[in-house]
>>> print(open('run.txt').read())   # compact mmCIF, C-alpha atoms and all ligand atoms
# COMPACT_ATOMS: atom_id res chain seq x y z
CA MET L 850 35.69 12.36 7.37
CA GLY L 851 37.94 14.90 9.06
CA PHE L 852 40.92 14.32 11.27
CA PHE L 853 39.13 15.14 14.52
CA GLU L 854 36.25 12.88 13.68
CA ASN L 855 38.57 10.02 12.78
CA LEU L 856 40.63 10.43 15.92
CA SER L 857 37.67 11.02 18.20
CA ARG L 858 35.79 8.08 16.80
CA GLY L 859 38.90 5.95 17.18
CA LEU L 860 39.42 6.94 20.78
CA GLN L 861 35.78 6.36 21.59
CA ARG L 862 36.47 3.45 23.92
CA SER L 863 38.68 5.50 26.20
CA ARG L 864 36.28 8.38 26.12
CA GLU L 865 33.28 6.29 26.98
CA ALA L 866 35.05 4.78 29.95
CA ILE L 867 36.10 8.23 31.12
CA ASN L 868 32.60 9.59 30.50
CA GLU L 869 31.17 7.06 32.86
CA ILE L 870 33.21 8.21 35.79
CA PHE L 871 32.82 11.89 35.01
CA TYR L 872 29.10 11.47 34.91
CA PHE L 873 28.47 12.38 38.48
CA GLY L 874 26.14 14.96 39.85
CA GLY L 875 27.43 15.72 43.31
CA GLU L 876 30.69 15.51 45.19
CA VAL L 877 33.96 14.19 43.88
CA ASP L 878 34.33 11.43 46.42
CA GLU L 879 36.83 8.69 47.14
CA SER L 880 35.20 6.27 44.73
CA PHE L 881 35.52 8.80 41.91
CA TRP L 882 39.30 8.84 42.33
CA GLU L 883 39.44 5.07 42.52
CA ASP L 884 37.37 4.76 39.37
CA LEU L 885 39.52 7.29 37.58
CA GLU L 886 42.69 5.41 38.44
CA ASP L 887 41.16 2.10 37.31
CA THR L 888 39.92 3.57 34.07
CA LEU L 889 43.31 5.07 33.26
CA VAL L 890 45.05 1.78 34.04
CA MET L 891 42.69 0.03 31.62
CA GLY L 892 43.50 2.58 28.92
CA ASP L 893 46.88 1.06 27.99
CA MET L 894 49.09 3.77 29.42
CA GLY L 895 50.50 1.49 32.10
CA ALA L 896 49.75 1.38 35.80
CA ASP L 897 52.60 3.63 36.92
CA ILE L 898 51.63 6.50 34.62
CA ALA L 899 47.94 6.03 35.42
CA ILE L 900 48.61 6.22 39.15
CA SER L 901 50.85 9.23 38.93
CA VAL L 902 48.40 11.09 36.67
CA SER L 903 45.50 10.35 38.95
CA ASP L 904 47.48 11.34 42.08
CA ASP L 905 48.59 14.60 40.48
CA LEU L 906 45.07 15.41 39.40
CA ARG L 907 43.74 14.71 42.85
CA GLU L 908 46.30 17.03 44.38
CA LEU L 909 45.55 19.73 41.82
CA ALA L 910 41.80 19.39 42.35
CA ALA L 911 42.25 19.90 46.09
CA ARG L 912 44.61 22.82 45.66
CA LYS L 913 42.57 24.64 43.05
CA ASN L 914 39.22 23.53 44.36
CA LEU L 915 38.21 21.96 41.06
CA LYS L 916 34.83 20.37 41.41
CA SER L 917 32.91 20.30 38.17
CA ALA L 918 33.23 17.46 35.69
CA ARG L 919 34.24 19.94 33.04
CA GLN L 920 37.08 21.45 35.10
CA LEU L 921 38.39 18.05 36.06
CA ARG L 922 38.18 16.72 32.55
CA GLU L 923 40.18 19.65 31.22
CA ALA L 924 42.74 19.33 33.97
CA LEU L 925 43.06 15.63 33.16
CA ALA L 926 43.66 16.37 29.48
CA ASP L 927 46.33 18.93 30.41
CA ARG L 928 48.05 16.56 32.82
CA LEU L 929 48.08 13.75 30.26
CA ALA L 930 49.51 16.10 27.64
CA GLU L 931 52.50 16.73 29.94
CA THR L 932 53.64 13.13 29.47
CA PHE L 933 54.67 13.83 25.87
CA ALA L 934 58.07 15.05 24.77
CA ALA L 935 58.13 17.77 22.12
CA PRO L 936 60.24 16.86 19.07
CA GLU L 937 63.47 18.79 18.73
CA ARG L 938 63.40 18.42 14.98
CA ASP L 939 60.83 17.24 12.48
CA PRO L 940 62.73 14.91 10.13
CA PHE L 941 60.05 15.20 7.43
CA SER L 942 60.11 18.95 6.99
CA ASP L 943 63.58 19.84 8.21
CA VAL L 944 65.48 18.78 5.10
CA PRO L 945 67.87 17.44 3.90
CA SER L 946 66.86 14.34 5.75
CA VAL L 947 66.97 10.56 5.52
CA VAL L 948 64.31 8.60 7.40
CA LEU L 949 64.26 4.84 7.93
CA PHE L 950 60.88 3.32 8.84
CA VAL L 951 61.05 0.28 11.10
CA GLY L 952 58.55 -1.78 13.04
CA ILE L 953 56.80 -5.10 13.40
CA ASN L 954 54.85 -6.74 10.56
CA GLY L 955 51.76 -4.90 9.49
CA ALA L 956 52.32 -1.86 11.71
CA GLY L 957 51.73 0.50 8.79
CA LYS L 958 55.27 1.33 7.63
CA THR L 959 54.71 1.16 3.88
CA THR L 960 51.42 3.03 4.05
CA THR L 961 53.04 5.72 6.17
CA VAL L 962 55.96 6.09 3.76
CA GLY L 963 53.39 6.54 0.99
CA LYS L 964 51.40 9.12 2.91
CA ILE L 965 54.50 11.12 3.83
CA ALA L 966 55.91 10.95 0.31
CA SER L 967 52.67 12.36 -0.99
CA ALA L 968 52.48 15.15 1.57
CA SER L 969 56.10 16.19 1.14
CA ALA L 970 55.92 16.12 -2.66
CA HIS L 971 52.85 18.35 -2.35
CA ALA L 972 54.77 20.70 -0.11
CA GLY L 973 57.41 21.03 -2.82
CA ILE L 974 60.07 18.93 -1.08
CA LYS L 975 62.08 16.86 -3.53
CA THR L 976 61.41 13.37 -2.22
CA ILE L 977 62.61 9.87 -3.05
CA ILE L 978 61.65 6.45 -1.68
CA GLY L 979 63.94 3.46 -1.08
CA SER L 980 62.29 0.07 -1.03
CA ALA L 981 64.44 -1.84 1.44
CA ASP L 982 61.75 -4.42 2.16
CA THR L 983 63.21 -6.99 -0.21
CA PHE L 984 61.65 -9.80 1.80
CA ARG L 985 57.89 -9.68 1.39
CA ALA L 986 56.59 -10.58 -2.08
CA ALA L 987 54.19 -7.70 -2.62
CA ALA L 988 56.16 -5.02 -0.78
CA ILE L 989 57.90 -3.54 -3.81
CA GLU L 990 54.69 -3.36 -5.86
CA GLN L 991 52.84 -1.83 -2.91
CA LEU L 992 55.43 0.92 -2.62
CA ASP L 993 55.44 1.46 -6.38
CA VAL L 994 51.72 2.22 -6.24
CA TRP L 995 52.25 4.79 -3.48
CA GLY L 996 55.23 6.31 -5.30
CA GLU L 997 53.29 6.63 -8.51
CA ARG L 998 50.37 8.22 -6.76
CA ALA L 999 52.68 10.73 -5.07
CA GLY L 1000 54.75 11.33 -8.18
CA VAL L 1001 57.84 10.26 -6.24
CA PRO L 1002 60.52 7.91 -7.66
CA VAL L 1003 61.07 4.56 -5.95
CA VAL L 1004 64.53 2.98 -5.87
CA LYS L 1005 64.39 -0.79 -5.59
CA ARG L 1006 66.16 -4.08 -6.21
CA GLU L 1007 64.90 -7.56 -6.89
CA ARG L 1008 63.22 -9.57 -4.19
CA GLY L 1009 65.73 -11.26 -1.89
CA ALA L 1010 68.42 -8.61 -2.45
CA ASP L 1011 70.40 -7.25 0.49
CA PRO L 1012 68.27 -4.47 2.03
CA ALA L 1013 71.40 -2.49 2.97
CA SER L 1014 72.35 -2.29 -0.72
CA VAL L 1015 69.01 -0.64 -1.51
CA CYS L 1016 69.80 2.02 1.10
CA TYR L 1017 73.12 2.56 -0.57
CA ASP L 1018 71.46 2.82 -3.99
CA VAL L 1019 68.78 5.26 -2.93
CA LEU L 1020 71.36 7.57 -1.37
CA ASP L 1021 73.42 7.44 -4.58
CA VAL L 1022 70.39 8.49 -6.59
CA ALA L 1023 69.41 11.12 -4.01
CA GLU L 1024 72.89 12.59 -4.19
CA ARG L 1025 72.87 12.64 -7.98
CA GLU L 1026 69.42 14.10 -8.29
CA GLY L 1027 69.50 16.48 -5.37
CA SER L 1028 66.69 14.83 -3.40
CA GLU L 1029 65.99 16.56 -0.11
CA LEU L 1030 63.97 13.89 1.67
CA VAL L 1031 64.85 10.19 1.46
CA LEU L 1032 62.23 7.80 2.86
CA ILE L 1033 63.33 4.19 3.32
CA ASP L 1034 60.82 1.41 3.93
CA THR L 1035 62.08 -1.74 5.68
CA ALA L 1036 60.67 -5.22 6.11
CA GLY L 1037 58.50 -5.84 9.15
CA ARG L 1038 60.05 -7.97 11.86
CA LEU L 1039 59.36 -9.07 15.38
CA HIS L 1040 61.28 -7.15 17.99
CA THR L 1041 61.99 -10.50 19.63
CA SER L 1042 63.85 -11.91 16.62
CA ALA L 1043 67.54 -11.35 17.33
CA ASP L 1044 68.74 -12.21 13.80
CA LEU L 1045 66.33 -9.88 12.08
CA MET L 1046 67.11 -7.10 14.52
CA ARG L 1047 70.81 -7.52 13.79
CA GLU L 1048 70.12 -7.35 10.08
CA LEU L 1049 68.22 -4.12 10.64
CA ALA L 1050 71.04 -2.66 12.71
CA LYS L 1051 73.31 -3.28 9.73
CA VAL L 1052 70.85 -1.53 7.41
CA VAL L 1053 70.81 1.47 9.74
CA ASN L 1054 74.61 1.54 10.02
CA VAL L 1055 75.16 1.36 6.27
CA THR L 1056 72.62 4.14 5.77
CA ARG L 1057 74.26 6.33 8.40
CA LYS L 1058 77.73 5.84 6.89
CA ARG L 1059 76.60 6.51 3.34
CA ALA L 1060 74.53 9.55 4.37
CA ALA L 1061 77.47 10.99 6.29
CA SER L 1062 79.62 10.98 3.16
CA CYS L 1063 77.18 12.68 0.79
CA ALA L 1064 79.05 14.95 -1.60
CA ARG L 1065 76.61 17.77 -0.87
CA GLY L 1066 77.36 17.46 2.83
CA PRO L 1067 76.18 14.92 5.40
CA MET L 1068 72.47 14.17 5.56
CA PRO L 1069 71.05 13.49 9.03
CA VAL L 1070 69.49 10.03 9.42
CA SER L 1071 66.46 9.39 11.63
CA VAL L 1072 65.10 6.01 12.58
CA VAL L 1073 61.34 6.17 13.03
CA LEU L 1074 59.44 3.35 14.71
CA VAL L 1075 55.93 2.73 13.41
CA ILE L 1076 53.60 1.26 16.03
CA ASP L 1077 50.05 0.02 15.52
CA ALA L 1078 48.21 1.65 18.43
CA ALA L 1079 45.86 -1.32 18.62
CA THR L 1080 48.69 -3.57 19.82
CA GLY L 1081 48.19 -2.04 23.25
CA GLN L 1082 50.86 -2.54 25.89
CA ASN L 1083 52.88 -4.75 23.53
CA GLY L 1084 53.74 -1.51 21.74
CA LEU L 1085 55.90 -0.63 24.72
CA SER L 1086 57.99 -3.81 24.41
CA GLN L 1087 58.37 -3.13 20.70
CA ALA L 1088 59.60 0.39 21.41
CA LEU L 1089 62.05 -0.77 24.08
CA GLU L 1090 63.55 -3.50 21.88
CA PHE L 1091 63.80 -1.45 18.69
CA ASN L 1092 65.26 1.43 20.64
CA GLU L 1093 67.84 -0.81 22.27
CA ALA L 1094 68.88 -2.33 18.94
CA LEU L 1095 68.85 0.76 16.73
CA GLY L 1096 68.43 3.96 18.71
CA ILE L 1097 65.03 5.32 17.75
CA ASP L 1098 64.52 9.02 17.03
CA GLY L 1099 60.75 9.22 16.91
CA ILE L 1100 57.48 7.33 16.81
CA ILE L 1101 54.57 7.19 14.42
CA MET L 1102 51.38 5.74 15.91
CA THR L 1103 49.03 4.27 13.34
CA LYS L 1104 45.45 3.04 13.37
CA LEU L 1105 44.27 5.52 15.95
CA ASP L 1106 41.02 5.57 13.98
CA GLY L 1107 40.38 1.98 15.01
CA THR L 1108 39.63 0.42 18.36
CA ALA L 1109 42.90 1.51 19.95
CA LYS L 1110 42.61 2.91 23.43
CA GLY L 1111 45.30 5.46 22.76
CA GLY L 1112 47.08 5.24 26.10
CA ILE L 1113 49.99 3.35 24.57
CA ALA L 1114 51.06 6.63 22.97
CA MET L 1115 51.58 7.99 26.46
CA ALA L 1116 53.39 4.93 27.73
CA VAL L 1117 55.90 4.97 24.87
CA ALA L 1118 56.41 8.70 24.85
CA SER L 1119 56.93 8.96 28.56
CA LYS L 1120 59.00 5.79 29.17
CA LEU L 1121 61.35 6.33 26.24
CA LYS L 1122 61.20 10.13 26.09
CA LEU L 1123 60.59 9.86 22.38
CA PRO L 1124 58.51 12.32 20.38
CA ILE L 1125 55.44 11.22 18.45
CA LEU L 1126 56.05 12.66 15.00
CA ARG L 1127 52.80 11.79 13.22
CA ILE L 1128 49.65 9.80 13.83
CA GLY L 1129 47.79 7.61 11.36
CA VAL L 1130 44.02 7.93 11.45
CA GLY L 1131 42.99 5.92 8.40
CA GLU L 1132 44.13 4.06 5.30
CA GLN L 1133 43.86 6.92 2.83
CA VAL L 1134 46.65 9.20 1.67
CA ASP L 1135 45.44 12.16 3.75
CA ASP L 1136 44.97 10.15 6.92
CA LEU L 1137 48.26 11.09 8.52
CA GLN L 1138 48.47 14.05 10.83
CA PRO L 1139 50.99 15.96 12.89
CA PHE L 1140 50.76 15.05 16.54
CA ASP L 1141 49.48 17.69 18.92
CA ALA L 1142 49.67 16.39 22.49
CA ARG L 1143 46.95 18.65 23.83
CA GLU L 1144 44.54 17.95 21.01
CA PHE L 1145 45.17 14.23 21.32
CA CYS L 1146 44.57 14.21 25.07
CA ARG L 1147 41.40 16.28 24.72
CA ALA L 1148 40.09 13.77 22.20
CA LEU L 1149 41.09 10.97 24.56
CA VAL L 1150 39.22 12.28 27.59
CA GLY L 1151 36.45 14.01 25.67
CA ALA L 1152 37.19 17.56 26.83
CA ASP L 1153 35.25 20.10 24.78
CA ALA L 1154 37.41 21.49 21.99
N1 LIG E 1 42.77 2.07 9.79
C1 LIG E 1 44.05 2.26 9.52
N2 LIG E 1 44.72 1.36 8.79
C2 LIG E 1 46.02 1.59 8.53
C3 LIG E 1 46.70 2.74 9.02
N3 LIG E 1 47.98 2.66 8.60
C4 LIG E 1 48.09 1.51 7.89
N4 LIG E 1 46.92 0.86 7.85
C5 LIG E 1 46.60 -0.44 7.22
O1 LIG E 1 47.35 -1.46 7.86
C6 LIG E 1 47.67 -2.48 6.93
C7 LIG E 1 49.17 -2.77 6.94
O2 LIG E 1 49.83 -1.61 6.45
P1 LIG E 1 51.27 -1.67 5.77
O3 LIG E 1 51.64 -0.26 5.48
O4 LIG E 1 51.32 -2.63 4.66
O5 LIG E 1 52.11 -2.21 7.01
P2 LIG E 1 53.67 -2.56 7.03
O6 LIG E 1 54.17 -2.17 8.37
O7 LIG E 1 54.35 -1.98 5.86
O8 LIG E 1 53.59 -4.16 6.92
P3 LIG E 1 54.81 -5.17 6.56
O9 LIG E 1 55.57 -4.57 5.45
O10 LIG E 1 54.14 -6.44 6.21
O11 LIG E 1 55.60 -5.30 7.82
C8 LIG E 1 47.16 -2.01 5.57
O12 LIG E 1 45.92 -2.59 5.32
C9 LIG E 1 46.99 -0.50 5.76
O13 LIG E 1 46.01 0.06 4.93
C10 LIG E 1 45.95 3.69 9.83
O14 LIG E 1 46.43 4.71 10.32
N5 LIG E 1 44.64 3.39 10.03
MG MG E 2 55.53 -2.86 4.43
>>> encode(input="run.txt", output="structure tokens", more="lines below")
Ligand SMILES: Nc1nc2c(ncn2[C@@H]2O[C@H](COP(=O)(O)OP(=O)(O)OP(=O)(O)O)[C@@H](O)[C@H]2O)c(=O)[nH]1
Ligand SMILES: [Mg+2]
Amino acid sequence: MGFFENLSRGLQRSREAINEIFYFGGEVDESFWEDLEDTLVMGDMGADIAISVSDDLRELAARKNLKSARQLREALADRLAETFAAPERDPFSDVPSVVLFVGINGAGKTTTVGKIASASAHAGIKTIIGSADTFRAAAIEQLDVWGERAGVPVVKRERGADPASVCYDVLDVAEREGSELVLIDTAGRLHTSADLMRELAKVVNVTRKRAASCARGPMPVSVVLVIDAATGQNGLSQALEFNEALGIDGIIMTKLDGTAKGGIAMAVASKLKLPILRIGVGEQVDDLQPFDAREFCRALVGADA
């Protein structure tokens, strides 16, 4: 199944809700605008964004005399797309680069590391993986499988080892072997757990220090937060806490093929002014895609491609 199909199918819930209100034959009346606002609020983007989008659209519709469902739907997609920040730099293609993947348990970090390792190895980028999830029993094996599949080496230590030391190790190997892209997986943790967030801040600091002193010249370090889109508005609290503790550079939204409503992508991107770097639309190696705000919003509201 292709990317559009996966994403469109995943965002079906939002689209169906939006379809209902756009299914009108006659005038765009007061109740249409009320319904639109309600539907957007229900779509996980947060009430403030929903209200401002619906107000802007209403103003635009009056000014440009937009009346048909099609015109309004397209204008809505365009307005929603404006809430996203464009990335200044893509840490996966603009190498040399070190990327740390962080997020709550089960968000999709390890899978995403695997998908990116595979894509970058395919693109001819010399890639290496660091397995800094030394906490969960099966994490190292899981990453080994992805590494093997991608033909990318995995640097690891025994279970229970200090995760910061794995970051140190992987940068040593990267330096020695001339790796261009270093992907570091970390253990999942709740954004509300102060101890675990402190531990992660240490991991990030050690990585930054080591990367800054690479013999071949400093390697930029990006911290990427992986969010399961199905967690809804909780994704926003995750983003706020992780950003506060670590300084996040970008977001990857996973599981947009599932029952996610999709609006959380807008909430996070607009509240934190963080770019969405990739989106996950399935469990397979190819199910990771660059994020295109316009395409995403058109799939969300069901505007014709
Ligand atoms: N449908 C779907 N499933 C996904 C996606 N990304 C990851 N998954 C699944 O989500 C589950 C958890 O993924 P992991 O990559 O292990 O998540 P993690 O963040 O590394 O988890 P911890 O290491 O336990 O914190 C697995 O079953 C993945 O196959 C996605 O984009 N779509
Ligand atoms: Mg993991």
>>> residues_near_ligand(input="run.txt", ligand="ligand LIG 1 (chain E)", cutoff="9 Å", atoms="only C-alpha atoms and all ligand atoms", output="MDAnalysis selection string")
chainID L and resid 950:963 982 984:985 987:988 991 1034:1038 1075:1078 1102:1107 1128:1133 1136:1137
>>> atom_distance(input="run.txt", atom1="atom CA of L:Ala1010", atom2="atom CA of L:Ala1064")
25.9 Å
>>> atom_distance(input="run.txt", atom1="atom CA of L:Ile1100", atom2="atom CA of L:Ala981")
19.2 Å
>>> closest_residue(input="run.txt", among="L:Gln1087, L:Ser1042, L:Ala911, L:Ala1013", to="L:Val1055", atoms="all atoms listed in the file")
L:Ala1013
>>> closest_residue(input="run.txt", among="L:Asn1054, L:Ser942, L:Ser980, L:Ser969", to="ligand MG 2 (chain E)", atoms="only C-alpha atoms and all ligand atoms")
L:Ser980
>>> atom_distance(input="run.txt", atom1="atom CA of L:Asp927", atom2="atom CA of L:Gly1081")
22.2 Å
>>> closest_residue(input="run.txt", among="L:Ile1097, L:Ala1023, L:Ala910, L:Val1004", to="L:Glu923", atoms="all atoms listed in the file")
L:Ala910
>>> axis_aligned_box(input="run.txt", around="stretch 1043-1060 of chain L", padding_each_side="4 Å", output="lines of an AutoDock Vina configuration file")
center_x = 72.0
center_y = -1.3
center_z = 10.3
size_x = 19.4
size_y = 29.8
size_z = 22.0
>>> closest_residue(input="run.txt", among="L:Leu856, L:Val947, L:Val1053, L:Leu992", to="L:Arg1147", atoms="only C-alpha atoms")
L:Leu856
>>> closest_residue(input="run.txt", among="L:Ala1061, L:Val902, L:Leu1121, L:Leu949", to="L:Leu1030", atoms="only C-alpha atoms")
L:Leu949
>>> closest_residue(input="run.txt", among="L:Val1134, L:Leu1032, L:Ile989, L:Met1068", to="ligand MG 2 (chain E)", atoms="all atoms listed in the file")
L:Ile989
>>> residues_around(input="run.txt", residues="L:Ala935", least_positions_apart="5", cutoff="10 Å", atoms="all atoms listed in the file", output="list of chain:residue names")
L:Ala1118, L:Lys1122, L:Leu1123, L:Pro1124, L:Ile1125, L:Leu1126, L:Phe1140, L:Asp1141, L:Ala1142
>>> decode(input="run.txt", residues="stretch 913-929 of chain L", atoms="N, CA and C atoms", output="PDB file, in the first residue's frame")
ATOM      1  N   LYS L 913     -13.116  36.620  -0.038  1.00  0.00           N
ATOM      2  CA  LYS L 913     -12.935  36.079  -1.396  1.00  0.00           C
ATOM      3  C   LYS L 913     -14.207  35.460  -1.964  1.00  0.00           C
ATOM      4  N   ASN L 914     -15.265  35.593  -1.213  1.00  0.00           N
ATOM      5  CA  ASN L 914     -16.547  35.055  -1.651  1.00  0.00           C
ATOM      6  C   ASN L 914     -16.469  33.556  -1.988  1.00  0.00           C
ATOM      7  N   LEU L 915     -15.840  32.817  -1.103  1.00  0.00           N
ATOM      8  CA  LEU L 915     -15.746  31.366  -1.304  1.00  0.00           C
ATOM      9  C   LEU L 915     -17.039  30.725  -0.815  1.00  0.00           C
ATOM     10  N   LYS L 916     -17.638  29.945  -1.694  1.00  0.00           N
ATOM     11  CA  LYS L 916     -18.933  29.381  -1.319  1.00  0.00           C
ATOM     12  C   LYS L 916     -18.990  27.869  -1.447  1.00  0.00           C
ATOM     13  N   SER L 917     -18.301  27.332  -2.441  1.00  0.00           N
ATOM     14  CA  SER L 917     -18.470  25.897  -2.674  1.00  0.00           C
ATOM     15  C   SER L 917     -17.673  25.086  -1.655  1.00  0.00           C
ATOM     16  N   ALA L 918     -18.147  23.879  -1.426  1.00  0.00           N
ATOM     17  CA  ALA L 918     -17.477  22.983  -0.480  1.00  0.00           C
ATOM     18  C   ALA L 918     -16.033  22.773  -0.912  1.00  0.00           C
ATOM     19  N   ARG L 919     -15.828  22.638  -2.190  1.00  0.00           N
ATOM     20  CA  ARG L 919     -14.489  22.383  -2.702  1.00  0.00           C
ATOM     21  C   ARG L 919     -13.542  23.550  -2.401  1.00  0.00           C
ATOM     22  N   GLN L 920     -14.015  24.774  -2.682  1.00  0.00           N
ATOM     23  CA  GLN L 920     -13.181  25.959  -2.417  1.00  0.00           C
ATOM     24  C   GLN L 920     -12.838  26.063  -0.926  1.00  0.00           C
ATOM     25  N   LEU L 921     -13.836  25.844  -0.115  1.00  0.00           N
ATOM     26  CA  LEU L 921     -13.619  25.985   1.324  1.00  0.00           C
ATOM     27  C   LEU L 921     -12.698  24.900   1.867  1.00  0.00           C
ATOM     28  N   ARG L 922     -12.858  23.729   1.318  1.00  0.00           N
ATOM     29  CA  ARG L 922     -12.024  22.614   1.771  1.00  0.00           C
ATOM     30  C   ARG L 922     -10.557  22.867   1.423  1.00  0.00           C
ATOM     31  N   GLU L 923     -10.352  23.396   0.224  1.00  0.00           N
ATOM     32  CA  GLU L 923      -8.965  23.696  -0.171  1.00  0.00           C
ATOM     33  C   GLU L 923      -8.384  24.827   0.655  1.00  0.00           C
ATOM     34  N   ALA L 924      -9.206  25.828   0.906  1.00  0.00           N
ATOM     35  CA  ALA L 924      -8.739  26.954   1.721  1.00  0.00           C
ATOM     36  C   ALA L 924      -8.423  26.479   3.141  1.00  0.00           C
ATOM     37  N   LEU L 925      -9.212  25.549   3.629  1.00  0.00           N
ATOM     38  CA  LEU L 925      -8.961  25.003   4.975  1.00  0.00           C
ATOM     39  C   LEU L 925      -7.624  24.253   5.008  1.00  0.00           C
ATOM     40  N   ALA L 926      -7.391  23.445   3.986  1.00  0.00           N
ATOM     41  CA  ALA L 926      -6.115  22.706   3.923  1.00  0.00           C
ATOM     42  C   ALA L 926      -4.947  23.689   3.893  1.00  0.00           C
ATOM     43  N   ASP L 927      -5.073  24.743   3.107  1.00  0.00           N
ATOM     44  CA  ASP L 927      -3.984  25.734   3.004  1.00  0.00           C
ATOM     45  C   ASP L 927      -3.760  26.439   4.342  1.00  0.00           C
ATOM     46  N   ARG L 928      -4.858  26.789   4.995  1.00  0.00           N
ATOM     47  CA  ARG L 928      -4.729  27.496   6.282  1.00  0.00           C
ATOM     48  C   ARG L 928      -4.092  26.596   7.344  1.00  0.00           C
ATOM     49  N   LEU L 929      -4.475  25.334   7.350  1.00  0.00           N
ATOM     50  CA  LEU L 929      -3.892  24.392   8.312  1.00  0.00           C
ATOM     51  C   LEU L 929      -2.397  24.209   8.039  1.00  0.00           C
TER      52      LEU L 929
END
